[in-house]
Structures are given as C-alpha cells and as structure tokens.
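What's in query-v9.txt: compact mmCIF, C-alpha atoms and all ligand atoms
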# COMPACT_ATOMS: atom_id res chain seq x y z
CA MET A 1024 21.94 106.67 -15.63
CA LYS A 1025 23.90 109.14 -17.71
CA ILE A 1026 21.13 111.65 -18.28
CA GLU A 1027 17.91 112.14 -16.41
CA TYR A 1028 14.38 111.58 -17.65
CA ARG A 1029 13.86 115.30 -18.24
CA GLU A 1030 16.47 115.34 -20.99
CA GLY A 1031 15.25 112.06 -22.44
CA ILE A 1032 11.73 113.40 -22.81
CA LYS A 1033 13.00 116.59 -24.43
CA ARG A 1034 14.89 114.49 -26.97
CA LEU A 1035 11.85 112.35 -27.64
CA LEU A 1036 9.62 115.36 -28.19
CA TYR A 1037 12.20 116.98 -30.42
CA GLU A 1038 12.32 113.87 -32.59
CA TYR A 1039 8.57 114.02 -33.19
CA SER A 1040 8.24 117.80 -33.13
CA ASP A 1041 6.75 118.16 -36.63
CA LEU A 1042 4.02 115.66 -35.90
CA LEU A 1043 3.39 117.23 -32.50
CA LYS A 1044 3.03 120.66 -34.04
CA GLU A 1045 0.59 119.41 -36.65
CA GLU A 1046 -1.53 117.41 -34.22
CA ILE A 1047 -1.64 120.10 -31.56
CA LYS A 1048 -2.66 122.65 -34.18
CA ASP A 1049 -5.61 120.46 -35.26
CA GLY A 1050 -6.47 119.62 -31.66
CA SER A 1051 -6.49 123.27 -30.63
CA ILE A 1052 -8.83 124.19 -33.49
CA TRP A 1053 -11.21 121.43 -32.40
CA ARG A 1054 -11.09 122.49 -28.76
CA GLU A 1055 -11.85 126.08 -29.55
CA LYS A 1056 -14.84 125.17 -31.73
CA ILE A 1057 -16.16 122.81 -29.05
CA GLU A 1058 -15.70 125.24 -26.17
CA CYS A 1059 -17.22 128.14 -28.10
CA GLU A 1060 -20.02 125.93 -29.48
CA ARG A 1061 -19.09 126.83 -33.03
CA LEU A 1062 -19.34 123.42 -34.67
CA SER A 1063 -20.39 123.27 -38.30
CA LYS A 1064 -22.57 120.48 -39.72
CA GLU A 1065 -19.41 118.80 -41.08
CA ASP A 1066 -17.69 119.11 -37.70
CA LYS A 1067 -20.60 117.38 -36.00
CA GLU A 1068 -20.54 114.60 -38.59
CA CYS A 1069 -16.84 114.18 -38.00
CA LEU A 1070 -17.28 114.03 -34.22
CA LEU A 1071 -19.99 111.40 -34.55
CA LYS A 1072 -17.66 109.32 -36.71
CA ASP A 1073 -14.87 109.74 -34.16
CA LEU A 1074 -17.21 108.66 -31.39
CA CYS A 1075 -18.20 105.59 -33.39
CA SER A 1076 -14.59 104.71 -34.16
CA GLN A 1077 -13.73 104.84 -30.47
CA ILE A 1078 -16.57 102.48 -29.63
CA LEU A 1079 -15.75 100.16 -32.54
CA VAL A 1080 -12.11 99.82 -31.50
CA GLN A 1081 -12.93 98.80 -27.92
CA GLY A 1082 -11.63 95.36 -27.06
CA ARG A 1083 -9.81 94.90 -30.38
CA SER A 1084 -7.13 96.46 -32.60
CA SER A 1085 -7.82 99.52 -34.74
CA ARG A 1086 -7.18 97.55 -37.93
CA GLY A 1087 -10.22 97.59 -40.20
CA VAL A 1088 -12.04 100.38 -38.35
CA THR A 1089 -11.91 102.74 -41.37
CA THR A 1090 -13.60 100.08 -43.51
CA GLN A 1091 -16.20 99.51 -40.80
CA ILE A 1092 -16.95 103.24 -40.69
CA ILE A 1093 -17.45 103.24 -44.48
CA ASP A 1094 -19.82 100.26 -44.15
CA LEU A 1095 -21.64 102.02 -41.34
CA GLU A 1096 -22.06 105.05 -43.55
CA LYS A 1097 -23.86 102.90 -46.11
CA THR A 1098 -26.32 101.79 -43.41
CA ILE A 1099 -27.02 105.07 -41.70
CA GLN A 1100 -26.71 107.25 -44.86
CA LYS A 1101 -26.38 110.50 -42.93
CA TRP A 1102 -24.13 111.26 -39.96
CA ASP A 1103 -26.60 113.23 -37.91
CA ILE A 1104 -27.84 112.42 -34.44
CA GLU A 1105 -31.44 111.60 -35.41
CA ASN A 1106 -30.51 109.40 -38.33
CA PHE A 1107 -27.85 107.68 -36.34
CA GLU A 1108 -30.26 106.99 -33.49
CA GLY A 1109 -32.87 105.65 -35.90
CA ASN A 1110 -30.38 103.15 -37.28
CA LEU A 1111 -28.77 102.03 -34.05
CA SER A 1112 -30.37 98.60 -34.23
CA ASN A 1113 -28.88 97.92 -37.70
CA ILE A 1114 -25.29 98.91 -37.16
CA GLY A 1115 -23.92 95.49 -36.32
CA MET A 1116 -22.33 96.24 -32.96
CA SER A 1117 -22.62 94.28 -29.75
CA GLU A 1118 -25.55 95.13 -27.46
CA LYS A 1119 -23.12 96.57 -24.90
CA LYS A 1120 -21.60 98.96 -27.43
CA LYS A 1121 -25.02 99.96 -28.77
CA GLU A 1122 -26.15 100.62 -25.22
CA LYS A 1123 -23.25 103.03 -24.69
CA LEU A 1124 -23.93 104.79 -27.98
CA ARG A 1125 -27.64 105.07 -27.21
CA ALA A 1126 -26.96 106.76 -23.85
CA ILE A 1127 -24.50 109.21 -25.42
CA ILE A 1128 -26.78 110.01 -28.36
CA ASN A 1129 -29.66 110.66 -25.95
CA TYR A 1130 -27.49 113.03 -23.97
CA MET A 1131 -26.46 114.83 -27.15
CA LYS A 1132 -30.09 115.11 -28.24
CA GLU A 1133 -31.13 116.65 -24.95
CA ASN A 1134 -28.07 118.92 -24.81
CA SER A 1135 -25.58 119.10 -27.68
CA ILE A 1136 -22.46 117.39 -28.97
CA SER A 1137 -20.27 120.16 -27.54
CA SER A 1138 -21.87 119.97 -24.11
CA TRP A 1139 -21.33 116.20 -24.02
CA ILE A 1140 -17.63 116.71 -24.77
CA LYS A 1141 -17.30 119.57 -22.28
CA GLU A 1142 -18.96 117.52 -19.53
CA LEU A 1143 -16.79 114.54 -20.38
CA HIS A 1144 -13.76 116.80 -19.98
CA LYS A 1145 -14.99 118.13 -16.64
CA GLY A 1146 -15.45 114.57 -15.43
CA GLY A 1147 -19.03 114.97 -14.20
CA ASN A 1148 -20.80 111.86 -12.96
CA SER A 1149 -23.98 112.42 -14.89
CA VAL A 1150 -22.46 112.26 -18.36
CA PRO A 1151 -22.60 108.94 -20.24
CA ARG A 1152 -19.16 107.62 -21.08
CA MET A 1153 -17.54 105.28 -23.56
CA GLY A 1154 -14.94 103.83 -21.17
CA PRO A 1155 -11.71 105.17 -19.61
CA LYS A 1156 -9.35 104.79 -22.56
CA SER A 1157 -11.88 105.73 -25.26
CA ASP A 1158 -12.89 108.84 -23.29
CA ASP A 1159 -9.26 109.91 -22.86
CA ASP A 1160 -8.40 109.15 -26.48
CA PHE A 1161 -11.36 111.12 -27.78
CA LEU A 1162 -10.64 114.11 -25.55
CA LYS A 1163 -6.93 114.14 -26.36
CA ASP A 1164 -7.63 113.89 -30.10
CA HIS A 1165 -9.77 117.02 -29.85
CA GLY A 1166 -7.29 119.16 -27.98
CA PHE A 1167 -8.09 118.38 -24.34
CA TYR A 1168 -4.53 117.46 -23.44
CA GLU A 1169 -5.21 117.31 -19.72
CA HIS A 1170 -6.30 113.74 -20.55
CA VAL A 1171 -3.77 111.07 -21.38
CA PRO A 1172 -4.88 107.70 -22.76
CA ILE A 1173 -2.90 104.63 -21.77
CA ASP A 1174 -2.52 101.89 -24.34
CA ARG A 1175 -0.31 98.78 -24.47
CA HIS A 1176 2.55 100.77 -26.08
CA THR A 1177 2.58 103.25 -23.22
CA GLN A 1178 2.44 100.47 -20.64
CA ARG A 1179 5.42 98.74 -22.23
CA PHE A 1180 7.33 102.03 -22.43
CA LEU A 1181 6.66 102.75 -18.73
CA PHE A 1182 7.90 99.30 -17.75
CA ARG A 1183 11.01 99.25 -19.91
CA THR A 1184 12.19 102.75 -19.14
CA GLY A 1185 11.90 102.24 -15.39
CA ILE A 1186 9.37 105.05 -14.97
CA ILE A 1187 7.17 102.65 -12.99
CA HIS A 1188 10.06 101.85 -10.65
CA TRP A 1189 10.77 105.53 -10.22
CA TYR A 1190 7.14 106.19 -9.30
CA LEU A 1191 6.92 103.41 -6.76
CA LYS A 1192 10.36 104.00 -5.28
CA LYS A 1193 10.27 107.75 -5.09
CA GLY A 1194 7.54 107.59 -2.53
CA VAL A 1195 5.15 109.34 -4.90
CA GLY A 1196 3.17 106.18 -5.16
CA SER A 1197 4.56 104.36 -2.16
CA LYS A 1198 1.10 103.66 -0.84
CA GLU A 1199 0.15 102.00 -4.08
CA ASP A 1200 0.59 98.32 -4.59
CA ILE A 1201 2.42 97.36 -7.76
CA LEU A 1202 0.29 94.23 -7.87
CA ALA A 1203 -2.58 96.36 -9.18
CA LEU A 1204 -0.64 96.45 -12.47
CA PHE A 1205 -1.00 92.69 -12.75
CA GLY A 1206 -4.52 92.43 -11.38
CA ILE A 1207 -7.60 91.64 -13.35
CA ASN A 1208 -9.44 94.87 -12.70
CA TYR A 1209 -8.92 96.75 -15.95
CA GLU A 1210 -10.04 100.13 -14.66
CA GLU A 1211 -7.80 100.01 -11.57
CA LYS A 1212 -4.82 99.07 -13.72
CA TYR A 1213 -5.58 101.77 -16.25
CA LYS A 1214 -5.89 104.47 -13.60
CA LEU A 1215 -2.62 103.45 -11.90
CA PHE A 1216 -0.68 103.55 -15.19
CA GLN A 1217 -2.26 106.92 -15.84
CA ARG A 1218 -1.31 108.31 -12.42
CA ILE A 1219 2.27 107.19 -13.05
CA LEU A 1220 2.49 109.01 -16.38
CA VAL A 1221 0.74 112.12 -15.06
CA GLU A 1222 3.09 112.28 -12.06
CA PHE A 1223 6.08 111.73 -14.33
CA CYS A 1224 5.00 114.72 -16.45
CA LYS A 1225 4.50 116.87 -13.34
CA VAL A 1226 7.97 116.10 -12.02
CA PHE A 1227 10.06 115.99 -15.19
CA CYS A 1228 8.16 118.11 -17.69
CA ASP A 1229 7.47 121.32 -15.77
CA ASP A 1230 9.86 123.17 -18.07
CA VAL A 1231 8.92 121.32 -21.24
CA TYR A 1232 6.63 123.16 -23.63
CA ALA A 1233 4.95 122.28 -26.92
CA PRO A 1234 3.87 124.94 -29.42
CA SER A 1235 0.17 125.52 -30.06
CA PRO A 1236 -1.72 128.23 -31.96
CA LYS A 1237 -2.70 129.68 -28.56
CA GLY A 1238 0.81 129.83 -27.19
CA GLU A 1239 3.04 127.28 -25.55
CA LEU A 1240 1.49 124.34 -23.72
CA ARG A 1241 3.31 123.11 -20.65
CA LEU A 1242 3.62 119.36 -20.64
CA SER A 1243 3.20 119.00 -16.89
CA GLU A 1244 -0.32 120.41 -17.27
CA ASN A 1245 -1.01 118.73 -20.59
CA PRO A 1246 0.22 115.14 -20.24
CA GLY A 1247 -1.87 114.10 -23.26
CA ILE A 1248 0.82 115.64 -25.46
CA ILE A 1249 3.34 113.05 -24.39
CA ASP A 1250 1.07 110.33 -25.75
CA ILE A 1251 1.46 111.77 -29.26
CA ALA A 1252 5.23 111.19 -29.07
CA ILE A 1253 5.13 107.87 -27.19
CA TRP A 1254 2.71 106.36 -29.70
CA ARG A 1255 4.89 107.45 -32.64
CA HIS A 1256 7.97 106.09 -30.89
CA CYS A 1257 6.46 102.73 -29.96
CA GLY A 1258 3.66 102.08 -32.44
CA GLU A 1259 3.74 100.11 -35.69
CA ASP A 1260 1.46 102.26 -37.84
CA ILE A 1261 3.94 103.71 -40.34
CA LYS A 1262 1.14 105.51 -42.23
CA HIS A 1263 0.59 107.68 -39.17
CA GLY A 1264 4.26 108.39 -38.57
CA CYS A 1265 5.01 105.57 -36.11
CA LYS A 1266 8.65 104.47 -36.04
CA ASN A 1267 8.23 101.29 -33.99
CA ILE A 1268 11.47 101.99 -32.12
CA CYS A 1269 10.29 100.85 -28.69
CA GLY A 1270 8.03 98.22 -30.16
CA ASN A 1271 7.86 94.48 -29.85
CA ILE A 1272 11.60 94.25 -30.47
CA PRO A 1273 13.18 97.44 -29.08
CA LYS A 1274 15.71 99.16 -31.33
CA CYS A 1275 17.60 100.81 -28.48
CA ASP A 1276 20.52 101.92 -30.67
CA LYS A 1277 18.10 104.16 -32.59
CA CYS A 1278 16.36 105.52 -29.50
CA GLY A 1279 16.72 109.08 -28.24
CA PHE A 1280 15.61 107.93 -24.80
CA SER A 1281 18.24 105.21 -24.47
CA GLU A 1282 20.62 107.09 -22.18
CA THR A 1283 17.99 107.37 -19.51
CA CYS A 1284 16.29 104.03 -20.03
CA LEU A 1285 16.47 101.25 -17.47
CA TRP A 1286 16.23 98.59 -20.19
CA LYS A 1287 19.31 99.89 -21.97
CA THR A 1288 21.52 100.74 -19.01
S1 LIG A 1301 16.20 102.46 -25.00
FE1 LIG A 1301 15.19 100.68 -25.86
S2 LIG A 1301 13.79 99.94 -24.31
FE2 LIG A 1301 14.41 102.03 -23.76
S3 LIG A 1301 12.81 103.35 -24.59
FE3 LIG A 1301 14.42 103.22 -26.12
S4 LIG A 1301 13.87 101.49 -27.45
FE4 LIG A 1301 12.64 101.35 -25.58
With the file now loaded, output its structure as structure tokens.
Ligand code: SF4
Amino acid sequence: MKIEYREGIKRLLYEYSDLLKEEIKDGSIWREKIECERLSKEDKECLLKDLCSQILVQGRSSRGVTTQIIDLEKTIQKWDIENFEGNLSNIGMSEKKKEKLRAIINYMKENSISSWIKELHKGGNSVPRMGPKSDDDFLKDHGFYEHVPIDRHTQRFLFRTGIIHWYLKKGVGSKEDILALFGINYEEKYKLFQRILVEFCKVFCDDVYAPSPKGELRLSENPGIIDIAIWRHCGEDIKHGCKNICGNIPKCDKCGFSETCLWKT
C-alpha cells in the first residue's frame, strides 16, 4: 500500500467536507435541544416523523418512504403522541412494526420524547428500541455520533478496502470468527461490522477532527461521522449528495481512497 488508511480517510472526509459541516451543524442543534429538553412542538413532530420513517424503512429500501409519510399524515392528521397512538391501528404497517411503535409511544407518553432518545443513547435495557440499525441511524441523524449505523454500502466498503482483513489480522479481533459475517444471525453480523468500523476509527482517526458548532469532534470518539462520508461515497442517492463512487461498479480511478484500498492495489 502506498499510503495508509489514516491518509485515505482524511482525503475522503475532505472530499465531503461541505456536506459533513452542514450535517454536523444540524445534528449538533438537535442534540443540544434533546439533551436540554428544549424541543418545540414542531421539533417533536419532526422527531415522530423520523421515528416513523426509520420503522417504515426496516427490511426494505428507503425509496417511497417520503410518499408513505405523506399518506400517513393524511391518516393521523396531527403528529402528536396522543393522536399518533389513537391511529396506530390504521397506519398500514405490519403488526411487528406497530408493536415496536406502540412500545416506544408508551414510553414517550410516560416520560418524554427527549428522555426516550437520551436513554436510547445511553443503551439502557429498559428502553424500547426500533432495532440495531434504525436506533443507530436515528441517533446519528440527531447528533449522537458515538453511534455508527452499518448498511450494505458500509459493509461493501469494509470488504473492498481490506479494513475487515486488517481488523482480523491485526489481532484486534483475532478472537472473532470471520464466519459471523456470513452467518444468518443479523444482529451478530451487524455488531461485528460495527466493532470493525469503531476499532478502525479508534486506530486511524485519533487525529482526525470534524468541525461542529461546539468545537472540533474527534472521529475516534465519534465514529458516526464517518458514516456521513461513506454513504455519500458509496450511495446512489444523488439528491442527497451521493456520488456512487464505491457503488455497485466501483469507479476506483475517481476515488480518493484508492491508494490505500485493497481492491485497487
Ligand atoms: S478504490 Fe475502488 S474499491 Fe476501493 S474504496 Fe475506492 S472505489 Fe471502492
């Protein structure tokens, strides 16, 4: 390898720095409002919609979710907890998804939206959850960058770049069996991919910072930030700034990570 991962990640982040800045700014505003319990009525509506979108997208692609949210709006009329709860039986979701929403809504009713998010962040056992990826996505989207969601783009990126090999070979994860990545237990697989990316950030991103309204955020402590760049680099959604460089067909000649990538070398 001509350069090491550290430099590759810096290049990647630099390439998406405008988007990172924008997203981290929004995320930090959300986090502050949630932690200080200063959510307006509109903020709460927005968070309920975000919660619903996460549940809707489970087990399928995100295509069409915006339309579904608009349709949902017609059914429930008002995005408040009581109204939402009253209409749960008419919202056209599977029983399993409704069950999850019901538990979360109950928790929010007994406590508050902010306390549900704060507990989710702390990782307490008593808090009702959406599922590993949805929880991480939701938290990351609202400024809790300690959480990093793992989607299929990230998995592909970790395979192609050799980061998985590094993790298993380095001894960091030597006790872990790579077969878990091909197993059928979704949660086990998800957690292993996540440990790999978190460890990668700890080792190679200790001197990598991203700007935020509250000062610089160190990537090794905020691995969720790397997801913002990886998704833009690998995803197809042009509307949201994705460049589809490490997508289905990798465009390695356009990739800032190519000098450190196992696929390319
Ligand atoms: S060099 Fe190619 S395979 Fe490697 S990260 Fe870039 S686009 Fe993906």
Go through A:Phe1227, A:Phe1216, A:Tyr1168, A:Phe1280 one by one, measure the shortest atom-to-atom distance of each to Gly1247 in chain A using only C-alpha atoms, and give the residue with the smallest value.
-> A:Tyr1168
Residues within 9 Å of ligand LIG 1301 (chain A), counting all atoms listed in the file, as a PyMOL selection string = chain A and resi 1179-1185+1256-1257+1267-1270+1272-1288
Go through A:Ser1112, A:Phe1161, A:Glu1038, A:Glu1030 and flag the residue nearest Ile1140 in chain A, using all atoms listed in the file for the distances.
->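 Checking each candidate against Ile1140 in chain A, we get A:Phe1161 as the closest.
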Closest of A:Pro1172, A:Pro1151, A:Gly1109, A:Gly1115 to Trp1254 in chain A - atom-to-atom distances counting all atoms listed in the file =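 With all atoms listed in the file as the atom set, the closest residue is A:Pro1172.
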So how many Å separate CA of Leu1036 in chain A and CA of Ala1252 in chain A, to one decimal?
-> 6.1 Å
Quick one: distance from CA of Trp1053 in chain A to CA of Met1131 in chain A in Å, one decimal?
->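 Computing the Euclidean distance for CA of Trp1053 in chain A and CA of Met1131 in chain A yields 17.4 Å.
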Choose the residue, out of A:Gly1154, A:Gly1258, A:Gly1206, A:Pro1236, that has the smallest atom-to-atom separation from His1176 in chain A; count only C-alpha atoms.
-> A:Gly1258
For Lys1212 in chain A, which of A:Val1088, A:Lys1101, A:Arg1175, A:Leu1111 is the closest residue, counting all atoms listed in the file?
->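 Going through A:Val1088, A:Lys1101, A:Arg1175, A:Leu1111 one by one, the smallest distance to Lys1212 in chain A is for A:Arg1175.
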Closest-contact table, range 1140-1258 of chain A side, partner range 1041-1044 of chain A, 9 Å, counting only C-alpha atoms, as CSV:
residue,atom,partner,partner_atom,distance
A:Ala1233,CA,A:Lys1044,CA,7.6
A:Pro1234,CA,A:Lys1044,CA,6.4
A:Ser1235,CA,A:Lys1044,CA,6.9
A:Ile1248,CA,A:Leu1043,CA,7.7
A:Ile1251,CA,A:Leu1043,CA,6.6
A:Ala1252,CA,A:Leu1043,CA,7.2
A:Arg1255,CA,A:Leu1042,CA,8.9
Export, as a short mmCIF file (atom, residue, chain, number, x, y, z; two decimals), in the coordinates of the input, the selected residues with C-alpha atoms.
data_model
loop_
_atom_site.label_atom_id
_atom_site.label_comp_id
_atom_site.auth_asym_id
_atom_site.auth_seq_id
_atom_site.Cartn_x
_atom_site.Cartn_y
_atom_site.Cartn_z
CA ALA A 1233 4.95 122.28 -26.92
CA PRO A 1234 3.87 124.94 -29.42
CA SER A 1235 0.17 125.52 -30.06
CA ILE A 1248 0.82 115.64 -25.46
CA ILE A 1251 1.46 111.77 -29.26
CA ALA A 1252 5.23 111.19 -29.07
CA ARG A 1255 4.89 107.45 -32.64
#
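For the pair CA of Glu1108 in chain A and CA of Ser1137 in chain A, the interatomic distance is 17.6 Å.
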So that I can check the surroundings of Leu1124 in chain A, please list as a tab-separated table (two decimals) with C-alpha atoms, in the frame of the given file every protein, DNA and RNA residue that reaches within 10 Å of it, counting all atoms listed in the file and ignoring chain neighbours fewer than 6 positions away.
chain	number	residue	atom	x	y	z
A	1074	LEU	CA	-17.21	108.66	-31.39
A	1075	CYS	CA	-18.20	105.59	-33.39
A	1078	ILE	CA	-16.57	102.48	-29.63
A	1107	PHE	CA	-27.85	107.68	-36.34
A	1108	GLU	CA	-30.26	106.99	-33.49
A	1111	LEU	CA	-28.77	102.03	-34.05
A	1118	GLU	CA	-25.55	95.13	-27.46
A	1130	TYR	CA	-27.49	113.03	-23.97
A	1151	PRO	CA	-22.60	108.94	-20.24
A	1152	ARG	CA	-19.16	107.62	-21.08
A	1153	MET	CA	-17.54	105.28	-23.56
Counting only C-alpha atoms, which of A:Val1080, A:His1144, A:Ala1203, A:Lys1262 gets nearest to Lys1163 in chain A?
-> A:His1144
